[in-house]
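Reading through the structure tokens given below for one structure.
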Amino acid sequence: AAAQADTKIGMITTLSGGGAGLGVDVRDGFMLAIEQDGRDGVEVVIEDDQRKPDAAVQIADRMIQSEKVDILTGIIWSNLAMAVVPAVTAQGVFYLSPNAGPSALAGKRCHPNYFNVAWQNDNLHEAAGAYANDAGLKNSFILAPNYPAGKDALTGYKRMYEGELSGEIYTKLGQTDYAAEIAQIRASGADSVYFFLPGGMGISFLKQYAGSGVDLPVVGPAFSFDQGILQAVGDAALGVKNTSQWNKDIDNPANAAFVAAFQEKYGRLPSLYASQGFDTANLILSALDKAEPADQDAFRAALKAAEFDSVRGDFRFGDNHHPVQDIYVREVIKEGDVFTNKIIATGLTDHADAYAGECKM
Amino acid sequence: MSLLSLQGVEASYGPAQALFGVDLEIAEGEVVALMGRNGMGKSTTIKTICGMLAASRGELRFDGHDLRQLPSHKIARLGIGLVPEGRRCFAPLTVEENLTAAARPGPWDFKKVAELFPRLEERRSQKAGSLSGGEQQMLTISRALMTNPRLLILDEATEGLAPVVRQEIWAAIAWLKTSAGLAILVVDKSLKELSAIADRGVILNKGSNAWEGRIGELPADMADRFLGV
Amino acid sequence: MMVTRESLLNWAMIAALLLVPLAAWSLDEPFIITLATKAAILALAGVGLNIALGLGGLISLGHAAFFGIGGYAMGILAAHAQNYEPLFEWPFLFEGSNQMPLIWLTAVVFSALAALVIGALSLRTSGVYFIMITLAFGQMLYYFAISWSAYGGEDGLSIWVRNEFPGLNTLDPIQFFAIAYVILCGALFFAARLARSPFGLALAAARQNEDRVEAVGLTPFTLRLTAFVISGAITGLAGALFADLNRFVSPTMLSWHTSGEIMIFVILGGVGRLYGPVAGAALYIVLEHLLGGISDYWQIFLGVLLLLIVLFARGGLIGAIAGREKAHG
Amino acid sequence: MADVVLKTDNLCKSFGALKASSNVSLDLRAGEIHALIGPNGAGKSTLIKQIAGNFAPDSGTVELLGRDVTALDTVARARMGLGRTFQISALAMDYTVLQNAVLGALGGQGRVFRFFRNVMEDPALLEVACDALERVGLTDDAHRRTADLSHGQRRQLEVAVALTLKPKLFLMDEPMAGLGADGSHRLTGFLDGLREQAPILLVEHDMDAVFALADRISVLVYGQIIATGTAAEIRANAEVRRAYLGEDAAA
Amino acid sequence: MTYILVLEQILNGLQFGIMLFLMAAGLTLVFGVMGLINLAHGSLYMVGAFAAAAVAGWTGSFLLALIASLAAAAAAGALMELVVIRRLYRRDHLDQVLATFALILIFSEGTRWLFGSFPLFLDVPSYLSGPVTLPGGIEYPLYRLAIILTGLAIAAGLFLLIARTRIGIQIRAGEADREMIAALGVDISKLYTLVFALGAALAGLAGALVGAIQSVQVGMGEPVLILAFVVIVIGGIGSIKGALAGALLVGMTDTLGGVFLPRLFTLFMEPASAASAGASLASMLIYILMAGVLLVRPSGLYGGSA
Ligand SMILES: Nc1ncnc2c1ncn2[C@@H]1O[C@H](COP(=O)(O)OP(=O)(O)OP(=O)(O)O)[C@@H](O)[C@H]1O
Ligand SMILES: Nc1ncnc2c1ncn2[C@@H]1O[C@H](COP(=O)(O)OP(=O)(O)OP(=O)(O)O)[C@@H](O)[C@H]1O
Ligand SMILES: [Mg+2]
Ligand SMILES: [Mg+2]
């Protein structure tokens, strides 16, 4: 029985400033699904959080108190999620994360009304560690920025990786020059490099790495090799392996339709973030088919069932409401003028996260 | 024809009016003394001439040019050299740099200025800010000369100087008048020296003209009333 | 005291800051109340900064340090109170606290201490160097907080429920607003008295002419340091309230952007105007709120508006409305 | 001999190669005006700054009221009773005349760390301040902004602020500078009366004022005192005439 | 750790310092000469990088891209000066802070509006790419060597311009007393527009040079802006020599601190936490350096009176 009453979805995401690209992608993917569905009675309100935690908290308050939204989504960054999610779920509203999956929310602080549609933060790093074993890498040099997500990243990699570490470095958050780190890599005798440097940091690192003459294989999570920023990295990224739960060449009808529709509507290839936005919207719509958010238990069960056509193919939630999914290894290639990825292997199959056990729900 | 001519000039600092109609004429090669008690508008008159303060009414002409239309630097380039009240040398610059900054082609250059004030030659590469008061005063006079002006304006140029130096400066002014043929507008409190050198005196009182004529002929009651002597 | 246009305006402003949320309360628009609370708290931070900046002429670009310390005082005390993990056991067992008065006291004490240390070092410099050295200390704390994993690092610390105040329900927006409003009024009253006190006279004189103050036998350094400490303490108190408003604290509160924003409230309202920060914070928040909906590029409009205000409304908002003359004594 | 309130002993101060003070020893006695004259750049202001505590001398000592104060800073010396006027007016320009005077009174009283009482309504401070303004003749201008005062009035205000401190001696660096003839006359008369209250070390280029006022005159040339004596003695000194006064000064 | 690696890291510090200098030079010029706090200097850096990326995209020529960065940033700077900055000289620093903060918003979002939210591509030209082997066997990217040399040449040129030429002297005179220099017949407004455009062009060039090895994106100027402020304050405001010294000091401290502190910490901590604790301290290091320098020399290394 389709829900007849109006459903209001609030999207809080980053639409201005340096990190806006990710927010724009999530929003565009999300709205594409909503428009394709075209049903009446679903209203989406979108607000820019400027990547400021306090702004995000206030927008959430407003959406809940004034606009009376039933569901919130959209946040890109872990620190904003940590600020917003607990307060939102405590007020009895559903939150679906289209990106960010901080470990606390997967473990000790999990909540029945919180669902993560993307990944737990460690997932892609774990897959990279597993891939390193498969690829026979025995002596990795690993680096990440010195903040919680960075530490989680290296921890995630080390959780799966079985070889030796020739070096482990935490860089400054927002650092743009990596000459010193690259020199250390050169001197370390490593056989490969694993790095997690999101956004501009990754672009800088790769360009400088390519120019340094160091020639070791590089592995990273998808964040530094995604559609939005690959063009800015250019040739420097060619051949790099990266891990992702999605790519545009995953072979299923939902994905093919999504890629084509996205390209048609926005004139660019969809990114990982767009796919996550798209999946989030479709998940919500599938649950709305079964229950109203006001009927919390029913709606929660409908979400948990996750009966929608994910662009990733198989998709299901674990007990802590985080995905259990395959994570692939991609390689950066050039198609015509455009840099993009193709899947070359599967890193982890049906993988859940390491914190599920801590979640008591 | 007069070189500089002011007619009915009025000017204000924000809401406070300071000049209420000042008239002033200076001919080529003439030395005019502008006099008056403290706060009567002498420096303000000078600032309006130099374009540092806008006249709200009246006419200001220099050599046929309407000064009210011109920004400060263009006025200076017409040939007006200013020695301002309170010295205002460029403190972080050396003596030589102070002079170079102002230099424009003409007979006055560093060598000639150094002849007039040999002390400056000795202090050539000292920062102007650490010069003694008198040295700074010499520097600002030299700086104005380096612009090779036709009209030199001296606002309290002998303030704070030792009597000997003061005599030197008066001698220099006299020399500028006779040998260099400069027109000079001079503000100073020393009546004795002014009457020796100036062709004419103009007294301001509360922002407008109170008396004009040869200083020697200033009636005693006026001197008392307008100058306090 | 003479009734000037400025004092009328001040009364109007402080009344509006009270009436708007009251109206919103009766119309059941809790978010407007939240906005007003935010304005009141940020104005409080501005009032703190204004004591250093307007009265003492100390342009501090590091006040986020105190704002953040206040925030972390709240975060740490409340987190321990929630976890039942004692904060320390010696000399006595302390399990944190979720009582606002105790949190405020902690915030004030620690931000004052920080201001004492930072001020004592920074006040050896002046002018632009002072601006930058305060910024440096702010950044040090910022980077420290980012990597301080015990309290969440860059992710920050989240508190589910607002802390408690005896006799009030702080979760009710209007009641929490009332707390912030009363504190703001208290700070304004204090700042007004301070400006006219012997200390205020000497402090402002040190801003205008240091030599003169020394020559009458007063030490500008001590005057400034005292002002800096008072200023930091008030801003720290604002930080604790702000964290409570969001039920969240993170290193963002310590970043130089935050310092810049607090400073912008002060400048926007009018430097040295007692109520300047109130006007500035309110305007900024309203603008941010109204423009946010216009387009993705709304910050362009915000920029243009700010620019117009600086260029054409000299003396800030209050200056533009009430006239340039500052009221003295 | 009258009490010595200020004494410098062999003060030396160099800026690089330049000796701005070399072995300067002078004293100021109760009830006198001691004028310090000398060519521009002779080191008068530098000496004043060493006495006031702005510059530390390279060697030598400064004694104030019988105490060695060489190691003390400006504030401490001001508290001991050293009143001062500056060569370039140092006043709080945004304040009213009265506020500047009250500031002086506050400094004199020393209890500045009070955060609640209204300073401009403190009768004790106001009395001191108004009294000082009265003495310099600025009572009518008490509520004007200092920035709007004429140059001469600012000089008077400087003296008034110094007076509020009830100083035991004055240092004055060119107080006549920039004053017109009438201003100089008035100030001369005023300083004349002031010496009873506190002796003055006066740096001045206005010879009319110096000769009218000074009990003793010291002449500083190239950082050295070349002569000390009464007005008549100094006027007659050939070296002083050559270095400073010029030939027609004796007339 | 071999001495080669140490040498290489010193070279890296030098190179990072030079990059900072390029940014700081324009800032210190404008700051010292015109007494203006220009927070929007970082925006000019961004304008330079975007202009370069756009032109490199159209023409494929890196040289043209550099020229475009100079021209675009200079033009943006001149425009900014004529429209906004010129009204701010006589205002106090606070008005300048607010106005130039507003300019940041306008520039950043304006750029995003023009170029979109995603980073742009700008790469090192092939004739400057790849490593070269230096005496002693150090392999070092050619492009970074080129940056070092360019930076040093610019430092020398600027120093001569300001210290020796008449224009330089007039600029400094204007800094001391703007009204007076105008009254002496110098067109100080034009001079200031020029200086501002020059400072902007330097920032733009820095943006383009650095953009080739970093990411060209909105907001790229802000982190560097703070570093550049740190540099000029350490060096002493207005001093080109100081900016160079400050930049090298900051570059060295940051690079070497980042490399050696974690190692130092391993002496008494286990590796993972040493890496993290060392990195934390390293990120605070330049601010500690700045505070330290200012405590000893309150107006910077080469600053006059504050
Ligand atoms: N910057 C200013 N702002 C406001 N008022 C001013 C300013 N400068 C001067 N005035 C006022 O303008 C009037 C004329 O001042 P001006 O400086 O022209 O006098 P002056 O004749 O040069 O006196 P002095 O001999 O003391 O230099 C005075 O009443 C003075 O108070
Ligand atoms: N900080 C300094 N650095 C270098 N030289 C200085 C400094 N201060 C003063 N001087 C020099 O010391 C000498 C004495 O200066 P001082 O100001 O004491 O002279 P003064 O006797 O007060 O002269 P005036 O009567 O002109 O005011 C001058 O030659 C001056 O250039
Ligand atoms: Mg005058
Ligand atoms: Mg002197």
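Chain labels run A, B, ... following the order of the structure tokens; each chain numbers its residues from 1, and ligands are numbered from 1 in the order shown.
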Using only C-alpha atoms, find each residue in chain B having at least one atom no more than 10 Å away from chain E; report its shortest atom-to-atom pair and that distance in Å (one decimal), rows by chain then rising number, as JSON lines.
```
{"residue": "B:Lys47", "atom": "CA", "partner": "E:Ala183", "partner_atom": "CA", "distance": 9.4}
{"residue": "B:Cys50", "atom": "CA", "partner": "E:Ala183", "partner_atom": "CA", "distance": 6.4}
{"residue": "B:Gly51", "atom": "CA", "partner": "E:Ala183", "partner_atom": "CA", "distance": 7.7}
{"residue": "B:Met52", "atom": "CA", "partner": "E:Glu179", "partner_atom": "CA", "distance": 7.1}
{"residue": "B:Pro71", "atom": "CA", "partner": "E:Ala182", "partner_atom": "CA", "distance": 8.5}
{"residue": "B:Ser72", "atom": "CA", "partner": "E:Ala183", "partner_atom": "CA", "distance": 5.4}
{"residue": "B:His73", "atom": "CA", "partner": "E:Gly185", "partner_atom": "CA", "distance": 3.9}
{"residue": "B:Lys74", "atom": "CA", "partner": "E:Gly185", "partner_atom": "CA", "distance": 6.1}
{"residue": "B:Ile75", "atom": "CA", "partner": "E:Gly185", "partner_atom": "CA", "distance": 7.2}
{"residue": "B:Ala76", "atom": "CA", "partner": "E:Gly185", "partner_atom": "CA", "distance": 4.6}
{"residue": "B:Arg77", "atom": "CA", "partner": "E:Gly185", "partner_atom": "CA", "distance": 5.2}
{"residue": "B:Leu78", "atom": "CA", "partner": "E:Gly185", "partner_atom": "CA", "distance": 8.6}
{"residue": "B:Gly79", "atom": "CA", "partner": "E:Gly185", "partner_atom": "CA", "distance": 8.9}
{"residue": "B:Ile80", "atom": "CA", "partner": "E:Leu184", "partner_atom": "CA", "distance": 8.2}
{"residue": "B:Gly81", "atom": "CA", "partner": "E:Leu184", "partner_atom": "CA", "distance": 6.6}
{"residue": "B:Leu82", "atom": "CA", "partner": "E:Ala183", "partner_atom": "CA", "distance": 7.0}
{"residue": "B:Val83", "atom": "CA", "partner": "E:Leu184", "partner_atom": "CA", "distance": 9.5}
{"residue": "B:Pro84", "atom": "CA", "partner": "E:Met180", "partner_atom": "CA", "distance": 8.4}
{"residue": "B:Arg88", "atom": "CA", "partner": "E:Met180", "partner_atom": "CA", "distance": 7.4}
{"residue": "B:Cys89", "atom": "CA", "partner": "E:Asp177", "partner_atom": "CA", "distance": 8.1}
{"residue": "B:Phe90", "atom": "CA", "partner": "E:Ala176", "partner_atom": "CA", "distance": 5.5}
{"residue": "B:Ala91", "atom": "CA", "partner": "E:Ala176", "partner_atom": "CA", "distance": 6.7}
{"residue": "B:Pro92", "atom": "CA", "partner": "E:Ala176", "partner_atom": "CA", "distance": 7.0}
{"residue": "B:Leu93", "atom": "CA", "partner": "E:Ala173", "partner_atom": "CA", "distance": 7.0}
{"residue": "B:Thr94", "atom": "CA", "partner": "E:Ile169", "partner_atom": "CA", "distance": 9.8}
{"residue": "B:Glu97", "atom": "CA", "partner": "E:Ile169", "partner_atom": "CA", "distance": 6.3}
{"residue": "B:Asn98", "atom": "CA", "partner": "E:Ala173", "partner_atom": "CA", "distance": 7.3}
{"residue": "B:Leu99", "atom": "CA", "partner": "E:Ile169", "partner_atom": "CA", "distance": 9.7}
{"residue": "B:Thr100", "atom": "CA", "partner": "E:Arg166", "partner_atom": "CA", "distance": 6.8}
{"residue": "B:Ala101", "atom": "CA", "partner": "E:Gln170", "partner_atom": "CA", "distance": 4.9}
{"residue": "B:Ala102", "atom": "CA", "partner": "E:Leu184", "partner_atom": "CA", "distance": 5.9}
{"residue": "B:Ala103", "atom": "CA", "partner": "E:Leu184", "partner_atom": "CA", "distance": 8.7}
{"residue": "B:Arg104", "atom": "CA", "partner": "E:Gly185", "partner_atom": "CA", "distance": 8.8}
{"residue": "B:Arg143", "atom": "CA", "partner": "E:Leu184", "partner_atom": "CA", "distance": 8.4}
{"residue": "B:Ala144", "atom": "CA", "partner": "E:Leu184", "partner_atom": "CA", "distance": 7.1}
{"residue": "B:Leu145", "atom": "CA", "partner": "E:Leu184", "partner_atom": "CA", "distance": 9.9}
{"residue": "B:Met146", "atom": "CA", "partner": "E:Leu184", "partner_atom": "CA", "distance": 9.3}
{"residue": "B:Thr147", "atom": "CA", "partner": "E:Leu184", "partner_atom": "CA", "distance": 6.9}
{"residue": "B:Pro149", "atom": "CA", "partner": "E:Leu184", "partner_atom": "CA", "distance": 9.8}
```
How about saving the chosen residues, N, CA and C atoms kept, as a compact mmCIF listing (two decimals), in the first residue's frame?
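Wrote it out as out36.txt, contents follow:
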```txt
# COMPACT_ATOMS: atom_id res chain seq x y z
N LYS B 47 46.80 74.57 3.40
CA LYS B 47 46.30 73.25 2.99
C LYS B 47 45.34 73.37 1.82
N CYS B 50 47.33 73.86 -1.36
CA CYS B 50 48.02 72.66 -1.81
C CYS B 50 47.08 71.52 -2.14
N GLY B 51 45.80 71.74 -1.99
CA GLY B 51 44.86 70.69 -2.37
C GLY B 51 44.72 69.60 -1.33
N MET B 52 45.23 69.83 -0.11
CA MET B 52 45.07 68.81 0.92
C MET B 52 43.72 68.94 1.60
N PRO B 71 43.97 67.75 -8.32
CA PRO B 71 44.42 67.00 -7.14
C PRO B 71 45.77 67.53 -6.66
N SER B 72 46.06 67.18 -5.45
CA SER B 72 47.25 67.65 -4.78
C SER B 72 48.53 67.56 -5.62
N HIS B 73 48.75 66.39 -6.22
CA HIS B 73 50.04 66.24 -6.89
C HIS B 73 50.15 67.11 -8.13
N LYS B 74 49.01 67.37 -8.76
CA LYS B 74 49.07 68.24 -9.96
C LYS B 74 49.34 69.68 -9.56
N ILE B 75 48.79 70.07 -8.43
CA ILE B 75 49.06 71.41 -7.94
C ILE B 75 50.55 71.57 -7.67
N ALA B 76 51.12 70.56 -7.02
CA ALA B 76 52.54 70.63 -6.72
C ALA B 76 53.34 70.75 -8.01
N ARG B 77 52.91 70.05 -9.02
CA ARG B 77 53.67 70.07 -10.27
C ARG B 77 53.57 71.39 -11.00
N LEU B 78 52.56 72.18 -10.66
CA LEU B 78 52.50 73.51 -11.28
C LEU B 78 53.65 74.37 -10.76
N GLY B 79 54.24 73.96 -9.65
CA GLY B 79 55.37 74.71 -9.14
C GLY B 79 55.16 75.24 -7.73
N ILE B 80 54.47 74.48 -6.91
CA ILE B 80 54.31 74.91 -5.52
C ILE B 80 55.04 73.91 -4.63
N GLY B 81 55.99 74.41 -3.88
CA GLY B 81 56.75 73.54 -2.98
C GLY B 81 56.35 73.83 -1.54
N LEU B 82 56.05 72.78 -0.79
CA LEU B 82 55.50 72.98 0.55
C LEU B 82 56.46 72.49 1.63
N VAL B 83 56.66 73.35 2.62
CA VAL B 83 57.32 72.92 3.85
C VAL B 83 56.23 72.96 4.92
N PRO B 84 55.71 71.80 5.26
CA PRO B 84 54.50 71.81 6.07
C PRO B 84 54.79 72.06 7.55
N ARG B 88 57.00 66.65 9.14
CA ARG B 88 56.52 65.58 8.27
C ARG B 88 57.55 65.11 7.24
N CYS B 89 58.75 64.83 7.70
CA CYS B 89 59.65 64.15 6.77
C CYS B 89 59.31 62.67 6.77
N PHE B 90 59.79 61.97 5.77
CA PHE B 90 59.47 60.55 5.66
C PHE B 90 60.40 59.78 6.60
N ALA B 91 59.89 59.47 7.77
CA ALA B 91 60.75 58.98 8.85
C ALA B 91 61.56 57.72 8.52
N PRO B 92 60.98 56.71 7.86
CA PRO B 92 61.78 55.51 7.64
C PRO B 92 62.79 55.62 6.50
N LEU B 93 62.73 56.72 5.76
CA LEU B 93 63.65 56.86 4.64
C LEU B 93 64.90 57.63 5.07
N THR B 94 65.98 57.39 4.37
CA THR B 94 67.19 58.16 4.69
C THR B 94 67.04 59.58 4.17
N GLU B 97 67.15 59.61 0.48
CA GLU B 97 65.92 59.10 -0.14
C GLU B 97 64.78 60.11 -0.02
N ASN B 98 64.71 60.81 1.10
CA ASN B 98 63.71 61.85 1.25
C ASN B 98 63.81 62.85 0.12
N LEU B 99 65.03 63.19 -0.21
CA LEU B 99 65.22 64.19 -1.26
C LEU B 99 64.95 63.60 -2.63
N THR B 100 65.41 62.38 -2.85
CA THR B 100 65.18 61.75 -4.16
C THR B 100 63.69 61.60 -4.44
N ALA B 101 62.94 61.24 -3.42
CA ALA B 101 61.51 61.02 -3.62
C ALA B 101 60.84 62.25 -4.21
N ALA B 102 61.31 63.44 -3.82
CA ALA B 102 60.63 64.66 -4.24
C ALA B 102 61.23 65.26 -5.50
N ALA B 103 62.44 64.83 -5.86
CA ALA B 103 63.20 65.54 -6.89
C ALA B 103 62.46 65.63 -8.22
N ARG B 104 62.48 66.83 -8.77
CA ARG B 104 62.05 67.02 -10.16
C ARG B 104 63.10 67.88 -10.84
N ARG B 143 63.76 69.39 0.83
CA ARG B 143 62.87 68.52 0.07
C ARG B 143 61.95 69.34 -0.81
N ALA B 144 61.43 70.43 -0.26
CA ALA B 144 60.55 71.29 -1.07
C ALA B 144 61.35 71.92 -2.21
N LEU B 145 62.58 72.30 -1.93
CA LEU B 145 63.39 72.90 -2.99
C LEU B 145 63.67 71.92 -4.11
N MET B 146 63.84 70.65 -3.75
CA MET B 146 64.14 69.64 -4.76
C MET B 146 63.02 69.52 -5.80
N THR B 147 61.82 69.99 -5.47
CA THR B 147 60.76 69.95 -6.48
C THR B 147 60.87 71.13 -7.43
N PRO B 149 60.38 74.51 -7.14
CA PRO B 149 59.12 75.24 -7.20
C PRO B 149 59.30 76.69 -7.67
```
All residues 6 Å or closer to range 113-119 of chain C, only C-alpha atoms, same chain fewer than 2 positions away omitted, as JSON, numbers by chain:
{"C": [110, 111, 121, 122, 123, 225, 229, 232]}
Considering only C-alpha atoms, return as a list in words whatever protein or nucleic-acid residues lie within 10 Å of range 89-92 of chain A, sequence-local ones (same chain, fewer than 4 positions apart) excluded.
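These residues fall inside the cut-off: Asp61, Ile64, Gln65, Asp70, Ile71, Leu72, Val84, Val85, Cys110, His111, Pro112, Asn113, Tyr114, Ala294 and Gln296 of chain A; Trp160 and Val161 of chain C.
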What does the list of residues within 8 Å of ligand 4 look like if you count only C-alpha atoms and all ligand atoms, written as a short mmCIF file (atom, residue, chain, number, x, y, z; two decimals) with N, CA, C and O atoms, in the first residue's frame?
```cif
data_model
loop_
_atom_site.label_atom_id
_atom_site.label_comp_id
_atom_site.auth_asym_id
_atom_site.auth_seq_id
_atom_site.Cartn_x
_atom_site.Cartn_y
_atom_site.Cartn_z
N SER B 132 67.64 65.04 14.55
CA SER B 132 67.14 65.99 15.54
C SER B 132 66.15 66.91 14.87
O SER B 132 66.07 66.98 13.64
N GLY B 133 65.38 67.61 15.68
CA GLY B 133 64.34 68.46 15.14
C GLY B 133 64.85 69.45 14.10
O GLY B 133 64.25 69.62 13.04
N ASN D 40 70.55 72.16 17.52
CA ASN D 40 69.73 71.02 17.15
C ASN D 40 70.60 69.80 16.99
O ASN D 40 71.66 69.86 16.39
N GLY D 41 70.13 68.72 17.55
CA GLY D 41 70.90 67.48 17.44
C GLY D 41 71.99 67.38 18.47
O GLY D 41 72.82 66.47 18.43
N GLY D 43 71.58 66.65 21.54
CA GLY D 43 71.31 65.54 22.45
C GLY D 43 70.41 65.91 23.61
O GLY D 43 70.35 65.20 24.61
N LYS D 44 69.67 67.00 23.48
CA LYS D 44 68.81 67.43 24.58
C LYS D 44 67.65 66.46 24.79
O LYS D 44 67.41 65.99 25.90
N SER D 45 66.96 66.17 23.71
CA SER D 45 65.82 65.25 23.85
C SER D 45 66.30 63.88 24.30
O SER D 45 65.65 63.20 25.09
N THR D 46 67.45 63.48 23.80
CA THR D 46 68.01 62.18 24.20
C THR D 46 68.27 62.18 25.71
O THR D 46 67.99 61.19 26.39
N GLN D 87 57.77 66.80 23.46
CA GLN D 87 58.08 67.72 22.37
C GLN D 87 56.93 67.74 21.36
O GLN D 87 56.57 68.78 20.85
N ASP D 173 60.05 69.40 27.35
CA ASP D 173 60.82 69.44 26.11
C ASP D 173 60.13 70.40 25.15
O ASP D 173 59.08 70.10 24.60
N GLU D 174 60.69 71.56 24.99
CA GLU D 174 60.18 72.60 24.07
C GLU D 174 58.69 72.88 24.22
O GLU D 174 57.91 72.74 23.28
N VAL D 203 63.82 72.35 28.35
CA VAL D 203 64.54 72.41 27.07
C VAL D 203 63.78 73.38 26.19
O VAL D 203 62.56 73.24 26.04
#
```
Could you pull the residues within 6 Å of Gly204 in chain E, counting only C-alpha atoms, minus those fewer than 2 positions along the same chain, as number ranges by chain?
E: 44-45, 48, 69-70, 73, 201-202, 206-207
Contacts from chain C to chain A, 6 Å maximum, only C-alpha atoms: show me the residue list as a VMD selection string.
chain C and resid 31 147 154 to 155 158 160 248
Near-range 274-285 of chain A list (8 Å; only C-alpha atoms; drop same-chain fewer than 3 positions) as a short mmCIF file (atom, residue, chain, number, x, y, z; two decimals) with C-alpha atoms, in the first residue's frame:
```cif
data_model
loop_
_atom_site.label_atom_id
_atom_site.label_comp_id
_atom_site.auth_asym_id
_atom_site.auth_seq_id
_atom_site.Cartn_x
_atom_site.Cartn_y
_atom_site.Cartn_z
CA ASP A 25 27.03 15.34 -6.98
CA VAL A 26 25.09 13.81 -4.12
CA ARG A 27 22.27 16.26 -4.67
CA ASP A 28 22.17 15.74 -8.42
CA GLY A 29 22.15 11.96 -8.08
CA PHE A 30 19.46 12.12 -5.43
CA MET A 31 17.23 14.48 -7.36
CA LEU A 32 17.62 12.44 -10.51
CA ALA A 33 16.06 9.47 -8.74
CA ILE A 34 13.28 11.60 -7.28
CA GLY A 74 22.83 14.67 2.44
CA LEU A 96 20.15 8.25 5.80
CA SER A 97 23.79 8.89 5.11
CA PRO A 98 24.70 9.18 1.42
CA ASN A 99 28.42 9.52 2.25
CA VAL A 117 23.70 3.86 2.38
CA ALA A 118 27.29 4.42 1.29
CA TRP A 246 30.63 1.38 -7.37
CA PRO A 270 28.26 10.46 -12.71
CA SER A 271 30.62 10.12 -9.80
CA LEU A 288 7.76 4.78 1.12
CA ASP A 289 6.07 2.26 -1.08
CA LEU A 303 14.36 0.64 4.97
CA ALA A 306 16.39 -2.39 1.24
CA GLU A 307 14.30 -3.66 -1.58
CA PHE A 308 15.37 -1.40 -4.36
CA ASP A 309 17.50 -1.73 -7.47
CA SER A 310 20.85 -0.52 -6.30
CA VAL A 311 23.23 0.65 -8.98
#
```
Could you give me, as number ranges by chain, every polymer residue with an atom at most 10 Å away from an atom of ligand 2, counting only C-alpha atoms and all ligand atoms?
B: 119, 123, 126-137, 159-162; D: 13-21, 36-50, 55, 87, 173-174, 203-205, 220-223
Could you please extract the residues within 8 Å of ligand 3, counting only C-alpha atoms and all ligand atoms, and hand them back as a PyMOL selection string?
(chain B and resi 38-39+41-44+85+155-156+187) or (chain D and resi 178)
Would you mind listing the residues within 9 Å of ligand 1, counting only C-alpha atoms and all ligand atoms, as a ChimeraX atom specification?
/B:12-19,34-47,85,155-156,187-189,204-207 /D:147-153,178-180
Please list as a ChimeraX atom specification every residue within 9 Å of Thr106 in chain C, counting only C-alpha atoms and excluding residues in the same chain fewer than 6 positions away.
/C:70,73-74,77,237
Would you write out those residues with C-alpha atoms, as a PDB file, in the first residue's frame?
```pdb
ATOM      1  CA  GLY C  70      34.565  27.582  26.346  1.00  0.00           C
ATOM      2  CA  ALA C  73      34.766  23.069  28.621  1.00  0.00           C
ATOM      3  CA  MET C  74      31.157  22.233  27.912  1.00  0.00           C
ATOM      4  CA  LEU C  77      32.431  18.106  31.229  1.00  0.00           C
ATOM      5  CA  LEU C 237      31.394  31.950  28.234  1.00  0.00           C
TER       6      LEU C 237
END
```
Shell around Lys177 in chain B at 8 Å using only C-alpha atoms, local window under 6 positions removed, as a list in words:
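Returned residues: Gly29, Glu30, Val31, Ala183 and Ile184 of chain B.
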Please produce an output containing C-alpha atoms for each residue in the selection, written as a PDB file, in the first residue's frame.
```
ATOM      1  CA  GLY B  29      59.243  86.786  -6.908  1.00  0.00           C
ATOM      2  CA  GLU B  30      57.304  88.324  -4.053  1.00  0.00           C
ATOM      3  CA  VAL B  31      57.631  87.322  -0.403  1.00  0.00           C
ATOM      4  CA  ALA B 183      57.996  83.672  -4.700  1.00  0.00           C
ATOM      5  CA  ILE B 184      57.597  82.750  -1.043  1.00  0.00           C
TER       6      ILE B 184
END
```
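Going from CA of Leu4 in chain B over to CA of Ser195 in chain B, you cover 20.9 Å.
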